[in-house]
>>> print(open('query12.txt').read())   # compact mmCIF, C-alpha atoms (C1' of nucleotides)
# COMPACT_ATOMS: atom_id res chain seq x y z
CA MET Q 1 -13.86 -30.53 -20.75
CA VAL Q 2 -12.46 -27.55 -22.60
CA ALA Q 3 -14.86 -28.28 -25.49
CA ILE Q 4 -17.83 -28.48 -23.14
CA SER Q 5 -16.79 -25.24 -21.45
CA ILE Q 6 -16.60 -23.51 -24.83
CA LEU Q 7 -20.07 -24.81 -25.76
CA VAL Q 8 -21.50 -23.63 -22.45
CA PHE Q 9 -19.82 -20.24 -22.92
CA VAL Q 10 -21.24 -19.89 -26.43
CA ASN Q 11 -24.72 -20.73 -25.16
CA ASN Q 12 -24.58 -18.43 -22.13
CA ARG Q 13 -22.01 -15.67 -21.84
CA ALA Q 14 -22.39 -15.68 -18.07
CA SER Q 15 -20.94 -19.20 -17.85
CA ASN Q 16 -17.34 -18.19 -18.15
CA ALA Q 17 -15.44 -20.19 -15.52
CA LEU Q 18 -12.83 -21.50 -17.98
CA GLN Q 19 -12.67 -18.38 -20.15
CA LEU Q 20 -12.16 -16.05 -17.19
CA VAL Q 21 -9.28 -18.11 -15.77
CA LEU Q 22 -7.66 -18.49 -19.19
CA GLY Q 23 -8.13 -14.79 -19.95
CA LEU Q 24 -6.52 -13.91 -16.65
CA PHE Q 25 -3.59 -16.14 -17.53
CA PHE Q 26 -3.20 -14.80 -21.09
CA LYS Q 27 -3.51 -11.16 -20.11
CA THR Q 28 -1.22 -11.27 -17.09
CA ASN Q 29 1.38 -13.02 -19.21
CA GLY Q 30 1.39 -10.20 -21.72
CA ALA Q 31 -1.09 -11.14 -24.46
CA SER Q 32 -2.09 -8.01 -26.37
CA SER Q 33 -5.70 -6.95 -26.71
CA ARG Q 34 -5.69 -8.21 -30.33
CA VAL Q 35 -4.53 -11.65 -29.29
CA LEU Q 36 -7.11 -11.65 -26.54
CA SER Q 37 -9.75 -10.60 -29.03
CA VAL Q 38 -9.02 -13.63 -31.26
CA LEU Q 39 -8.97 -15.97 -28.26
CA SER Q 40 -12.25 -14.45 -27.15
CA ASN Q 41 -13.86 -14.95 -30.55
CA ILE Q 42 -12.94 -18.64 -30.64
CA GLY Q 43 -14.40 -19.08 -27.16
CA LEU Q 44 -11.18 -19.63 -25.23
CA SER Q 45 -11.18 -16.39 -23.30
CA VAL Q 46 -13.40 -13.57 -22.15
CA SER Q 47 -12.91 -10.24 -23.91
CA ALA Q 48 -10.29 -7.70 -22.88
CA MET Q 49 -13.07 -5.46 -21.64
CA THR Q 50 -14.36 -8.14 -19.30
CA PHE Q 51 -10.85 -8.63 -18.00
CA GLU Q 52 -10.61 -4.92 -17.21
CA ARG Q 53 -13.93 -5.13 -15.43
CA LEU Q 54 -12.66 -8.08 -13.42
CA LYS Q 55 -9.66 -6.07 -12.22
CA LYS Q 56 -11.96 -3.26 -11.14
CA GLN Q 57 -14.25 -5.73 -9.39
CA ILE Q 58 -11.39 -7.41 -7.51
CA SER Q 59 -10.16 -3.99 -6.39
CA ASP Q 60 -13.64 -2.86 -5.30
CA ASP Q 61 -14.23 -6.12 -3.43
CA ALA Q 62 -10.96 -5.70 -1.54
CA ILE Q 63 -11.92 -2.17 -0.51
CA GLU Q 64 -15.35 -3.44 0.52
CA LEU Q 65 -13.65 -5.98 2.83
CA ALA Q 66 -11.67 -3.17 4.45
CA ILE Q 67 -14.83 -1.09 4.91
CA THR Q 68 -16.48 -4.09 6.58
CA LEU Q 69 -13.63 -4.14 9.09
CA MET Q 70 -13.94 -0.39 9.76
CA LEU Q 71 -17.69 -0.67 10.39
CA ALA Q 72 -17.30 -3.61 12.80
CA THR Q 73 -16.89 -3.20 16.53
CA GLY Q 74 -13.22 -4.15 16.90
CA ILE Q 75 -10.07 -2.05 16.78
CA TRP Q 76 -8.50 -1.19 13.45
CA ALA Q 77 -5.59 0.92 12.38
CA ILE Q 78 -4.81 2.85 9.24
CA ILE Q 79 -1.44 2.66 7.54
CA PHE Q 80 -0.49 4.76 4.55
CA ASP Q 81 2.47 6.02 2.64
CA ASN Q 82 3.21 8.04 -0.46
CA ILE Q 83 3.87 6.35 -3.77
CA ASN Q 84 5.49 8.58 -6.40
CA ILE Q 85 5.65 7.36 -9.97
CA PHE Q 86 7.59 9.28 -12.59
CA LEU Q 87 6.03 9.04 -16.04
CA ARG Q 88 8.58 9.71 -18.74
CA LYS Q 89 6.85 10.38 -22.06
CA HIS Q 90 8.49 9.32 -25.30
CA SER Q 91 6.50 11.29 -27.83
CA GLN Q 92 6.52 14.62 -26.03
CA ARG Q 93 3.85 17.04 -27.20
CA VAL Q 94 2.11 20.08 -25.80
CA THR Q 95 -0.50 17.74 -24.37
CA ASN Q 96 1.93 14.96 -23.48
CA HIS Q 97 4.60 15.99 -20.97
CA ASN Q 98 6.70 14.09 -18.47
CA SER Q 99 4.77 14.02 -15.23
CA MET Q 100 4.68 12.50 -11.79
CA ILE Q 101 1.89 10.71 -10.01
CA HIS Q 102 1.79 11.55 -6.32
CA ALA Q 103 -0.58 9.03 -4.83
CA THR Q 104 -1.12 7.57 -1.38
CA ASN Q 105 -1.48 3.84 -0.82
CA VAL Q 106 -3.59 2.81 2.16
CA ALA Q 107 -4.31 -0.39 4.08
CA ILE Q 108 -6.54 -1.07 7.06
CA PHE Q 109 -5.70 -3.80 9.50
CA GLY Q 110 -7.47 -5.33 12.42
CA VAL Q 111 -5.80 -5.14 15.83
CA ASP Q 112 -5.78 -8.29 17.97
CA THR Q 113 -8.17 -7.44 20.81
CA GLU Q 114 -7.68 -10.53 22.95
CA GLY Q 115 -7.46 -9.40 26.57
CA ILE Q 116 -8.04 -5.76 25.60
CA ASP Q 117 -10.91 -3.56 26.80
CA ILE Q 118 -11.94 -2.18 23.41
CA ASP Q 119 -14.00 0.72 24.75
CA ALA Q 120 -11.22 1.85 27.06
CA ALA Q 121 -8.61 1.55 24.33
CA LEU Q 122 -10.68 3.68 21.95
CA ASP Q 123 -11.81 6.24 24.56
CA LEU Q 124 -10.86 9.52 22.95
CA GLN Q 125 -11.73 11.74 25.91
CA ALA Q 126 -9.52 9.69 28.24
CA LYS Q 127 -6.65 10.13 25.81
CA LEU Q 128 -7.24 13.86 25.42
CA ASP Q 129 -7.46 14.33 29.19
CA LYS Q 130 -3.86 13.23 29.47
CA ARG Q 131 -2.65 16.11 27.30
CA GLY Q 132 -0.25 18.43 29.05
CA GLY Q 133 0.59 15.83 31.66
CA ARG Q 134 4.18 15.56 30.47
CA TYR Q 135 4.76 19.07 31.83
CA ALA Q 136 4.11 17.82 35.35
CA ALA Q 137 6.09 14.62 34.93
CA THR Q 138 8.99 13.91 37.22
CA PHE Q 139 11.84 11.49 37.12
CA ASP Q 140 9.82 9.14 39.35
CA ASP Q 141 7.39 8.58 36.46
CA ILE Q 142 10.03 6.84 34.40
CA LEU Q 143 12.13 5.46 37.24
CA PRO Q 144 12.82 1.79 36.49
CA THR Q 145 11.80 -0.68 39.16
CA PRO Q 146 14.47 -2.93 40.68
CA GLU Q 147 13.06 -5.73 38.47
CA ASP Q 148 13.42 -3.53 35.37
CA ASN Q 149 16.95 -2.73 36.39
CA GLU Q 150 17.90 -6.35 36.90
CA HIS Q 151 16.33 -7.27 33.56
CA MET Q 152 18.26 -4.58 31.70
CA GLU Q 153 21.55 -5.50 33.38
CA ARG Q 154 21.15 -9.12 32.35
CA ILE Q 155 20.39 -8.08 28.77
CA PHE Q 156 23.43 -5.79 28.81
CA ASP Q 157 25.69 -8.64 29.96
CA HIS Q 158 24.39 -10.93 27.25
CA LEU Q 159 24.75 -8.33 24.50
CA ILE Q 160 28.36 -7.70 25.49
CA ALA Q 161 29.04 -11.44 25.65
CA GLU Q 162 27.53 -11.88 22.20
CA ILE Q 163 29.64 -9.10 20.70
CA ILE Q 164 32.85 -10.44 22.26
CA VAL Q 165 32.23 -13.99 21.04
CA SER Q 166 31.22 -12.72 17.59
CA TYR Q 167 33.99 -10.22 16.97
CA ALA Q 168 37.04 -10.96 19.18
CA PRO Q 169 40.08 -11.44 16.95
CA GLY Q 170 40.55 -15.15 16.27
CA SER Q 171 37.08 -15.99 17.63
CA ARG Q 172 36.14 -17.60 14.33
CA SER Q 173 38.52 -20.44 15.04
CA TRP Q 174 37.22 -21.05 18.55
CA LYS Q 175 36.07 -24.64 18.62
CA GLN Q 176 32.85 -24.09 20.56
CA ARG Q 177 32.01 -20.65 19.15
CA LYS Q 178 28.69 -21.75 17.65
CA GLU Q 179 27.61 -23.44 20.90
CA MET Q 180 28.66 -20.37 22.89
CA LEU Q 181 26.58 -18.07 20.67
CA GLU Q 182 23.58 -20.39 20.86
CA LYS Q 183 23.88 -20.54 24.65
CA ILE Q 184 24.08 -16.76 24.91
CA MET Q 185 21.01 -16.27 22.72
CA GLU Q 186 19.13 -18.94 24.65
CA LEU Q 187 19.86 -17.27 27.99
CA MET Q 188 19.03 -13.77 26.71
CA PRO Q 189 16.29 -12.45 29.02
CA ARG Q 190 12.92 -12.00 27.33
CA ASP Q 191 10.07 -9.72 28.29
CA ARG Q 192 6.57 -11.02 27.64
CA PRO Q 193 7.26 -12.44 24.17
CA LEU Q 194 4.07 -12.23 22.11
CA PRO Q 195 2.79 -15.41 20.50
CA PRO Q 196 2.76 -15.18 16.70
CA LYS Q 197 -0.70 -14.57 15.25
CA LYS Q 198 -2.03 -14.27 11.75
CA SER Q 199 -2.55 -10.59 11.00
CA ASP Q 200 -5.61 -9.18 9.26
CA ALA Q 201 -4.43 -6.56 6.76
CA ARG Q 202 -6.81 -5.36 4.06
CA PRO Q 203 -5.83 -3.14 1.13
CA PHE Q 204 -7.89 0.03 1.02
CA GLY Q 205 -6.86 1.19 -2.42
CA VAL Q 206 -4.89 4.15 -3.65
CA PHE Q 207 -5.88 7.80 -3.27
CA ASP Q 208 -5.09 10.59 -5.69
CA VAL Q 209 -3.64 12.70 -2.88
CA ASN Q 210 -0.06 13.74 -2.21
CA GLU Q 211 0.36 12.77 1.42
CA GLY Q 212 3.81 14.26 1.97
CA SER Q 213 2.83 17.58 3.55
CA LYS Q 214 0.76 18.92 6.42
CA VAL Q 215 -2.09 19.82 4.07
CA GLY Q 216 -1.73 16.43 2.35
CA ILE Q 217 -2.22 14.63 5.67
CA VAL Q 218 -5.51 16.42 6.24
CA GLN Q 219 -6.67 15.66 2.70
CA VAL Q 220 -5.75 11.98 2.84
CA LEU Q 221 -7.45 11.46 6.21
CA GLU Q 222 -10.62 13.08 4.87
CA ALA Q 223 -10.45 10.91 1.74
CA ILE Q 224 -10.03 7.78 3.88
CA ARG Q 225 -12.97 8.81 6.03
CA GLU Q 226 -15.11 9.36 2.97
CA ARG Q 227 -14.27 5.96 1.46
CA SER Q 228 -14.95 4.26 4.79
CA THR Q 229 -18.56 5.55 4.66
CA LEU Q 230 -18.20 6.65 8.31
CA SER Q 231 -19.48 10.13 9.13
CA GLU Q 232 -17.08 12.76 10.46
CA GLU Q 233 -18.55 12.29 13.92
CA GLU Q 234 -18.20 8.51 13.85
CA PHE Q 235 -14.71 8.59 12.40
CA SER Q 236 -13.31 11.12 14.86
CA ALA Q 237 -15.21 9.99 17.97
CA LYS Q 238 -12.68 7.32 18.86
CA VAL Q 239 -8.92 7.00 19.01
CA ARG Q 240 -7.65 5.98 15.57
CA ALA Q 241 -4.14 4.62 15.21
CA ILE Q 242 -2.45 6.15 12.16
CA LEU Q 243 0.66 4.29 11.11
CA GLY Q 244 3.20 5.43 8.60
CA ASP Q 245 6.72 6.67 8.21
CA TRP Q 246 8.55 9.28 10.22
CA LEU Q 247 7.56 12.09 7.87
CA THR Q 248 3.88 11.14 8.11
CA SER Q 249 3.97 11.18 11.92
CA ASN Q 250 5.86 14.45 11.91
CA ASN Q 251 3.49 16.13 9.45
CA LEU Q 252 0.50 14.84 11.39
CA ARG Q 253 1.82 16.41 14.59
CA GLY Q 254 2.57 19.64 12.75
CA SER Q 255 -0.88 19.71 11.23
CA ARG Q 256 -2.56 19.05 14.56
CA HIS Q 257 -0.53 21.83 16.16
CA ASP Q 258 -1.64 24.27 13.44
CA ARG Q 259 -5.28 23.25 13.83
CA ALA Q 260 -5.51 23.17 17.64
CA ASP Q 261 -8.30 25.80 17.60
CA ASP Q 262 -10.42 24.24 14.86
CA ILE Q 263 -14.12 23.51 15.15
CA ASN Q 264 -14.31 19.77 15.82
CA SER Q 265 -12.30 16.64 16.45
CA MET Q 266 -12.18 15.70 12.75
CA GLU Q 267 -10.66 19.07 11.84
CA ARG Q 268 -8.34 19.18 14.86
CA ILE Q 269 -7.18 15.61 14.10
CA ASP Q 270 -7.01 15.05 17.85
CA TYR Q 271 -8.49 11.57 17.36
CA ALA Q 272 -5.30 10.46 15.55
CA ASP Q 273 -2.77 8.38 17.44
CA GLU Q 274 0.20 8.55 15.13
CA LEU Q 275 2.85 5.87 15.28
CA SER Q 276 6.00 5.54 13.23
CA GLN Q 277 6.55 2.04 11.89
CA LEU Q 278 9.28 -0.23 13.26
CA PHE Q 279 12.01 0.77 10.83
CA HIS Q 280 11.26 4.44 11.40
CA PHE Q 281 11.58 3.94 15.15
CA ALA Q 282 15.02 2.50 14.48
CA LEU Q 283 15.77 5.44 12.20
CA GLN Q 284 14.77 7.89 14.93
CA ALA Q 285 16.73 5.94 17.55
CA THR Q 286 19.95 6.01 15.53
CA HIS Q 287 19.49 9.69 14.72
CA MET Q 288 18.81 10.46 18.38
CA ASN Q 289 22.00 8.58 19.25
CA MET Q 290 23.95 10.81 16.88
CA ARG Q 291 22.42 13.95 18.36
CA ALA Q 292 22.93 12.92 21.99
CA HIS Q 293 26.27 11.12 21.85
CA TYR Q 294 28.11 12.39 18.79
CA GLY Q 295 30.67 14.37 20.79
CA HIS Q 296 33.55 16.41 19.48
CA ALA Q 297 36.27 14.95 17.29
CA VAL Q 298 39.11 17.14 18.63
CA SER Q 299 38.33 17.61 22.30
CA ASP Q 300 37.23 13.99 22.83
CA PRO Q 301 39.19 11.34 20.93
CA THR Q 302 36.88 8.61 22.26
CA SER Q 303 33.75 10.22 20.76
CA LEU Q 304 31.69 8.92 17.88
CA ALA Q 305 32.82 12.02 15.98
CA ALA Q 306 36.46 11.02 16.36
CA HIS Q 307 35.73 7.43 15.34
CA LYS Q 308 33.80 8.66 12.33
CA GLY Q 309 36.82 10.60 11.09
CA LEU Q 310 39.18 7.73 11.89
CA LEU Q 311 37.05 5.30 9.89
CA GLY Q 312 36.75 7.66 6.93
CA ARG Q 313 32.95 7.90 7.08
CA LYS Q 314 31.85 10.95 5.15
CA TRP Q 315 28.07 11.30 5.63
CA ASP Q 316 26.31 14.28 7.19
CA VAL Q 317 25.33 13.58 10.83
CA GLU Q 318 22.78 16.38 10.78
CA LYS Q 319 20.61 14.27 8.49
CA PRO Q 320 19.04 10.95 9.52
CA ASN Q 321 20.97 8.14 7.91
CA TYR Q 322 20.04 4.78 9.37
CA ALA Q 323 22.53 2.43 7.75
CA ALA Q 324 25.52 4.75 8.17
CA ALA Q 325 24.64 5.68 11.77
CA LYS Q 326 24.00 2.10 12.83
CA SER Q 327 27.23 0.99 11.22
CA LEU Q 328 29.25 3.71 13.00
CA ILE Q 329 27.61 3.10 16.37
CA ARG Q 330 28.19 -0.65 16.22
CA HIS Q 331 31.72 -0.31 14.89
CA SER Q 332 32.56 2.09 17.69
CA LEU Q 333 30.85 -0.02 20.36
CA ILE Q 334 32.53 -3.23 19.25
CA ALA Q 335 35.92 -1.51 19.15
CA ARG Q 336 35.45 -0.19 22.70
CA LEU Q 337 34.37 -3.56 24.07
CA LEU Q 338 37.20 -5.49 22.45
CA HIS Q 339 39.72 -2.89 23.57
CA ARG Q 340 38.61 -3.21 27.19
CA HIS Q 341 38.44 -6.95 26.81
C1' DC H 1 9.25 11.78 -39.03
C1' DC H 2 5.30 9.10 -40.17
C1' DA H 3 2.19 5.37 -40.35
C1' DC H 4 0.34 2.28 -37.67
C1' DA H 5 -0.17 -0.68 -33.58
C1' DC H 6 -1.82 -0.82 -29.18
C1' DT H 7 -4.41 0.58 -24.88
C1' DT H 8 -8.05 2.89 -22.60
C1' DT H 9 -12.58 4.54 -22.29
C1' DA H 10 -17.37 5.54 -23.55
C1' DT H 11 -21.48 3.96 -25.59
C1' DA H 12 -24.73 0.81 -27.45
C1' DA H 13 -26.76 -3.37 -27.37
C1' DG H 14 -27.77 -8.64 -27.17
C1' DG H 15 -28.77 -13.18 -24.76
C1' DA H 16 -30.15 -15.94 -20.74
C1' DG H 17 -32.49 -16.48 -16.72
C1' DA H 18 -35.47 -14.61 -13.01
C1' DT H 19 -39.64 -12.51 -11.72
C1' DC H 20 -44.19 -11.02 -11.95
C1' DG M 1 -45.35 -13.55 -22.18
C1' DA M 2 -43.52 -8.99 -20.79
C1' DT M 3 -40.02 -6.93 -18.29
C1' DC M 4 -35.97 -6.56 -15.54
C1' DT M 5 -31.29 -7.74 -14.21
C1' DC M 6 -26.95 -9.55 -14.93
C1' DC M 7 -23.21 -10.48 -17.70
C1' DT M 8 -21.14 -9.83 -21.64
C1' DT M 9 -19.30 -8.15 -26.37
C1' DA M 10 -18.81 -4.90 -30.41
C1' DT M 11 -17.21 -0.74 -31.96
C1' DA M 12 -15.42 3.81 -32.35
C1' DA M 13 -12.62 7.53 -30.79
C1' DA M 14 -8.82 9.43 -28.47
C1' DG M 15 -4.25 9.16 -26.78
C1' DT M 16 0.34 7.44 -26.95
C1' DG M 17 4.56 4.52 -28.24
C1' DT M 18 7.59 2.66 -31.73
C1' DG M 19 9.79 0.47 -35.90
C1' DG M 20 11.31 1.48 -40.28
>>> encode(input="query12.txt", output="structure tokens")
Amino acid sequence: MVAISILVFVNNRASNALQLVLGLFFKTNGASSRVLSVLSNIGLSVSAMTFERLKKQISDDAIELAITLMLATGIWAIIFDNINIFLRKHSQRVTNHNSMIHATNVAIFGVDTEGIDIDAALDLQAKLDKRGGRYAATFDDILPTPEDNEHMERIFDHLIAEIIVSYAPGSRSWKQRKEMLEKIMELMPRDRPLPPKKSDARPFGVFDVNEGSKVGIVQVLEAIRERSTLSEEEFSAKVRAILGDWLTSNNLRGSRHDRADDINSMERIDYADELSQLFHFALQATHMNMRAHYGHAVSDPTSLAAHKGLLGRKWDVEKPNYAAAKSLIRHSLIARLLHRH
DNA sequence: CCACACTTTATAAGGAGATC
DNA sequence: GATCTCCTTATAAAGTGTGG
């Protein structure tokens, strides 16, 4: 079969099923262009040039798939983040310095619209009309219902039970510890658990834009719009979810604040619905915990500040530090619970 | 430090099949 | 049979890394 494939390839260069797959294998496993050139000449592989073209084609096709999603009628979201690559040059010359690539990697993904009114969800004017409403908010707006309250109390009980069973001194030798933990997890109240669904994420390629600033956010959004083939009006006429890290959300808000008086929705970025990703929510939550409940090490010996000193933790609480903050909060909480217990 | 290997990129061009 | 399109390779130049 290999022989026939080579004969077919020699007769017609376009018939390259075997040679393309083999070339892909050779190249991705580190064959140099010279090796590939010999393999190509004996009919076992396509040329290195063709391989490069294949990579470009695969990349373009992927972006095309993402554009298809953006032009369809459903809901899609944009997610992007900076990627910074340091290029250390060995033979340094005037024209060959160490440098850094500041690029932005982007993906588009489809949002599951089952049971969702797409037009209402994407209605930009309805979203903008709600601006300023927080000023008039009262406690009643966030007052939990009796059902909410009962739900939270049950969760609270289960969390405490789980911590006691997990960490009480000697609990590891409890005979039915595993069963107890399983029972606790099983009885943990759940709120509308979502059924798992296959997600639809499509790579949108990399942009030669440094996203990590307010100006960078504007530039990357314009570059995304341009690649999507949507016009400024089309792109900014509906609510667009922009997902990223904390810094991205923060810069986006800053940029929108600076541009509140600009000429249209695209420039004002008021179409953007920024959303920190799950880890960054956790990062903000732990940091908020430190800001709200840190306390004072001297005047309050039960404070997080006092526990931090007692445990010899040396990080700066003014700066977000997820792992250290979570560790301190849990250590402190567990100690309190077991002490009361 | 140098010669050379290697990659990337631009340009030119050929063969097969489709179309008119 | 001429012409076009698609797919491909050859080749050179420029830029950069590395072993001796």
>>> interface_residues(input="query12.txt", of="chain Q", to="chain M", cutoff="8 Å", atoms="only C-alpha atoms (C1' of nucleotides)", output="CSV table (one decimal) with C-alpha atoms, keeping the file's coordinate frame")
chain,number,residue,atom,x,y,z
Q,13,ARG,CA,-22.0,-15.7,-21.8
Q,14,ALA,CA,-22.4,-15.7,-18.1
Q,47,SER,CA,-12.9,-10.2,-23.9
Q,50,THR,CA,-14.4,-8.1,-19.3
Q,90,HIS,CA,8.5,9.3,-25.3
Q,91,SER,CA,6.5,11.3,-27.8
>>> interface_residues(input="query12.txt", of="chain Q", to="chain H", cutoff="12 Å", atoms="only C-alpha atoms (C1' of nucleotides)", output="list in words")
Val8, Phe9, Val10, Asn11, Asn12, Arg13, Ala14, Ser15, Ala31, Ser32, Ser33, Arg34, Val35, Ala48, Met49, Glu52, Arg53 and Ser91 of chain Q
>>> atom_distance(input="query12.txt", atom1="atom CA of Trp246 of chain Q", atom2="atom CA of Gln277 of chain Q")
7.7 Å
>>> atom_distance(input="query12.txt", atom1="atom CA of Thr145 of chain Q", atom2="atom CA of Asp157 of chain Q")
18.5 Å
>>> atom_distance(input="query12.txt", atom1="atom CA of Val46 of chain Q", atom2="atom CA of Ala62 of chain Q")
22.2 Å
>>> residues_around(input="query12.txt", residues="Val215 of chain Q", least_positions_apart="4", cutoff="10 Å", atoms="only C-alpha atoms (C1' of nucleotides)", output="list in words")
Asn210, Glu211, Gln219, Val220, Asn251, Leu252, Gly254 and Ser255 of chain Q
>>> write_last_selection(input="query12.txt", atoms="C-alpha atoms", output="PDB file, keeping the file's coordinate frame")
ATOM      1  CA  ASN Q 210      -0.060  13.740  -2.210  1.00  0.00           C
ATOM      2  CA  GLU Q 211       0.360  12.770   1.420  1.00  0.00           C
ATOM      3  CA  GLN Q 219      -6.670  15.660   2.700  1.00  0.00           C
ATOM      4  CA  VAL Q 220      -5.750  11.980   2.840  1.00  0.00           C
ATOM      5  CA  ASN Q 251       3.490  16.130   9.450  1.00  0.00           C
ATOM      6  CA  LEU Q 252       0.500  14.840  11.390  1.00  0.00           C
ATOM      7  CA  GLY Q 254       2.570  19.640  12.750  1.00  0.00           C
ATOM      8  CA  SER Q 255      -0.880  19.710  11.230  1.00  0.00           C
TER       9      SER Q 255
END
>>> closest_atom_pairs(input="query12.txt", of="segment 25-79 of chain Q", to="segment 100-109 of chain Q", cutoff="8 Å", atoms="only C-alpha atoms", output="tab-separated table")
residue	atom	partner	partner_atom	distance
Q:Ala66	CA	Q:Ile108	CA	6.1
Q:Leu69	CA	Q:Phe109	CA	7.9
Q:Met70	CA	Q:Ile108	CA	7.9
Q:Trp76	CA	Q:Phe109	CA	5.5
Q:Ala77	CA	Q:Phe109	CA	5.5
Q:Ile78	CA	Q:Ile108	CA	4.8
Q:Ile79	CA	Q:Ala107	CA	5.4
>>> write_last_selection(input="query12.txt", atoms="C-alpha atoms", output="compact mmCIF listing (two decimals), in the frame of the given file")
# COMPACT_ATOMS: atom_id res chain seq x y z
CA ALA Q 66 -11.67 -3.17 4.45
CA LEU Q 69 -13.63 -4.14 9.09
CA MET Q 70 -13.94 -0.39 9.76
CA TRP Q 76 -8.50 -1.19 13.45
CA ALA Q 77 -5.59 0.92 12.38
CA ILE Q 78 -4.81 2.85 9.24
CA ILE Q 79 -1.44 2.66 7.54
>>> residues_around(input="query12.txt", residues="Leu71 of chain Q", least_positions_apart="5", cutoff="9 Å", atoms="only C-alpha atoms (C1' of nucleotides)", output="MDAnalysis selection string")
chainID Q and resid 66 228:230
>>> closest_residue(input="query12.txt", among="Q:Ala3, Q:Leu20, Q:Leu44, Q:Leu328", to="Thr286 of chain Q", atoms="only C-alpha atoms")
Q:Leu328
>>> residues_around(input="query12.txt", residues="segment 299-304 of chain Q", least_positions_apart="4", cutoff="10 Å", atoms="all atoms listed in the file", output="compact mmCIF listing (two decimals) with C-alpha atoms, keeping the file's coordinate frame")
# COMPACT_ATOMS: atom_id res chain seq x y z
CA ASN Q 289 22.00 8.58 19.25
CA MET Q 290 23.95 10.81 16.88
CA HIS Q 293 26.27 11.12 21.85
CA TYR Q 294 28.11 12.39 18.79
CA GLY Q 295 30.67 14.37 20.79
CA LYS Q 308 33.80 8.66 12.33
CA GLY Q 309 36.82 10.60 11.09
CA LEU Q 310 39.18 7.73 11.89
CA ALA Q 325 24.64 5.68 11.77
CA LEU Q 328 29.25 3.71 13.00
CA ILE Q 329 27.61 3.10 16.37
CA HIS Q 331 31.72 -0.31 14.89
CA SER Q 332 32.56 2.09 17.69
CA LEU Q 333 30.85 -0.02 20.36
CA ARG Q 336 35.45 -0.19 22.70
>>> closest_residue(input="query12.txt", among="Q:Arg259, Q:Lys238, Q:Arg172, Q:His296", to="Ala126 of chain Q", atoms="all atoms listed in the file")
Q:Lys238
>>> decode(input="query12.txt", residues="segment 6-17 of chain H", atoms="C-alpha atoms (C1' of nucleotides)", output="mmCIF file, in the first residue's frame")
data_model
loop_
_atom_site.group_PDB
_atom_site.id
_atom_site.type_symbol
_atom_site.label_atom_id
_atom_site.label_comp_id
_atom_site.auth_asym_id
_atom_site.auth_seq_id
_atom_site.Cartn_x
_atom_site.Cartn_y
_atom_site.Cartn_z
ATOM 1 C "C1'" DC H 6 19.304 24.941 10.180
ATOM 2 C "C1'" DT H 7 14.807 27.553 9.792
ATOM 3 C "C1'" DT H 8 11.907 30.866 7.700
ATOM 4 C "C1'" DT H 9 10.258 33.366 3.914
ATOM 5 C "C1'" DA H 10 9.750 35.006 -0.842
ATOM 6 C "C1'" DT H 11 9.578 33.889 -5.561
ATOM 7 C "C1'" DA H 12 9.203 31.120 -9.575
ATOM 8 C "C1'" DA H 13 7.339 27.478 -11.781
ATOM 9 C "C1'" DG H 14 5.502 22.620 -13.123
ATOM 10 C "C1'" DG H 15 1.886 18.846 -13.448
ATOM 11 C "C1'" DA H 16 -2.885 17.154 -13.255
ATOM 12 C "C1'" DG H 17 -7.502 17.782 -13.723
#
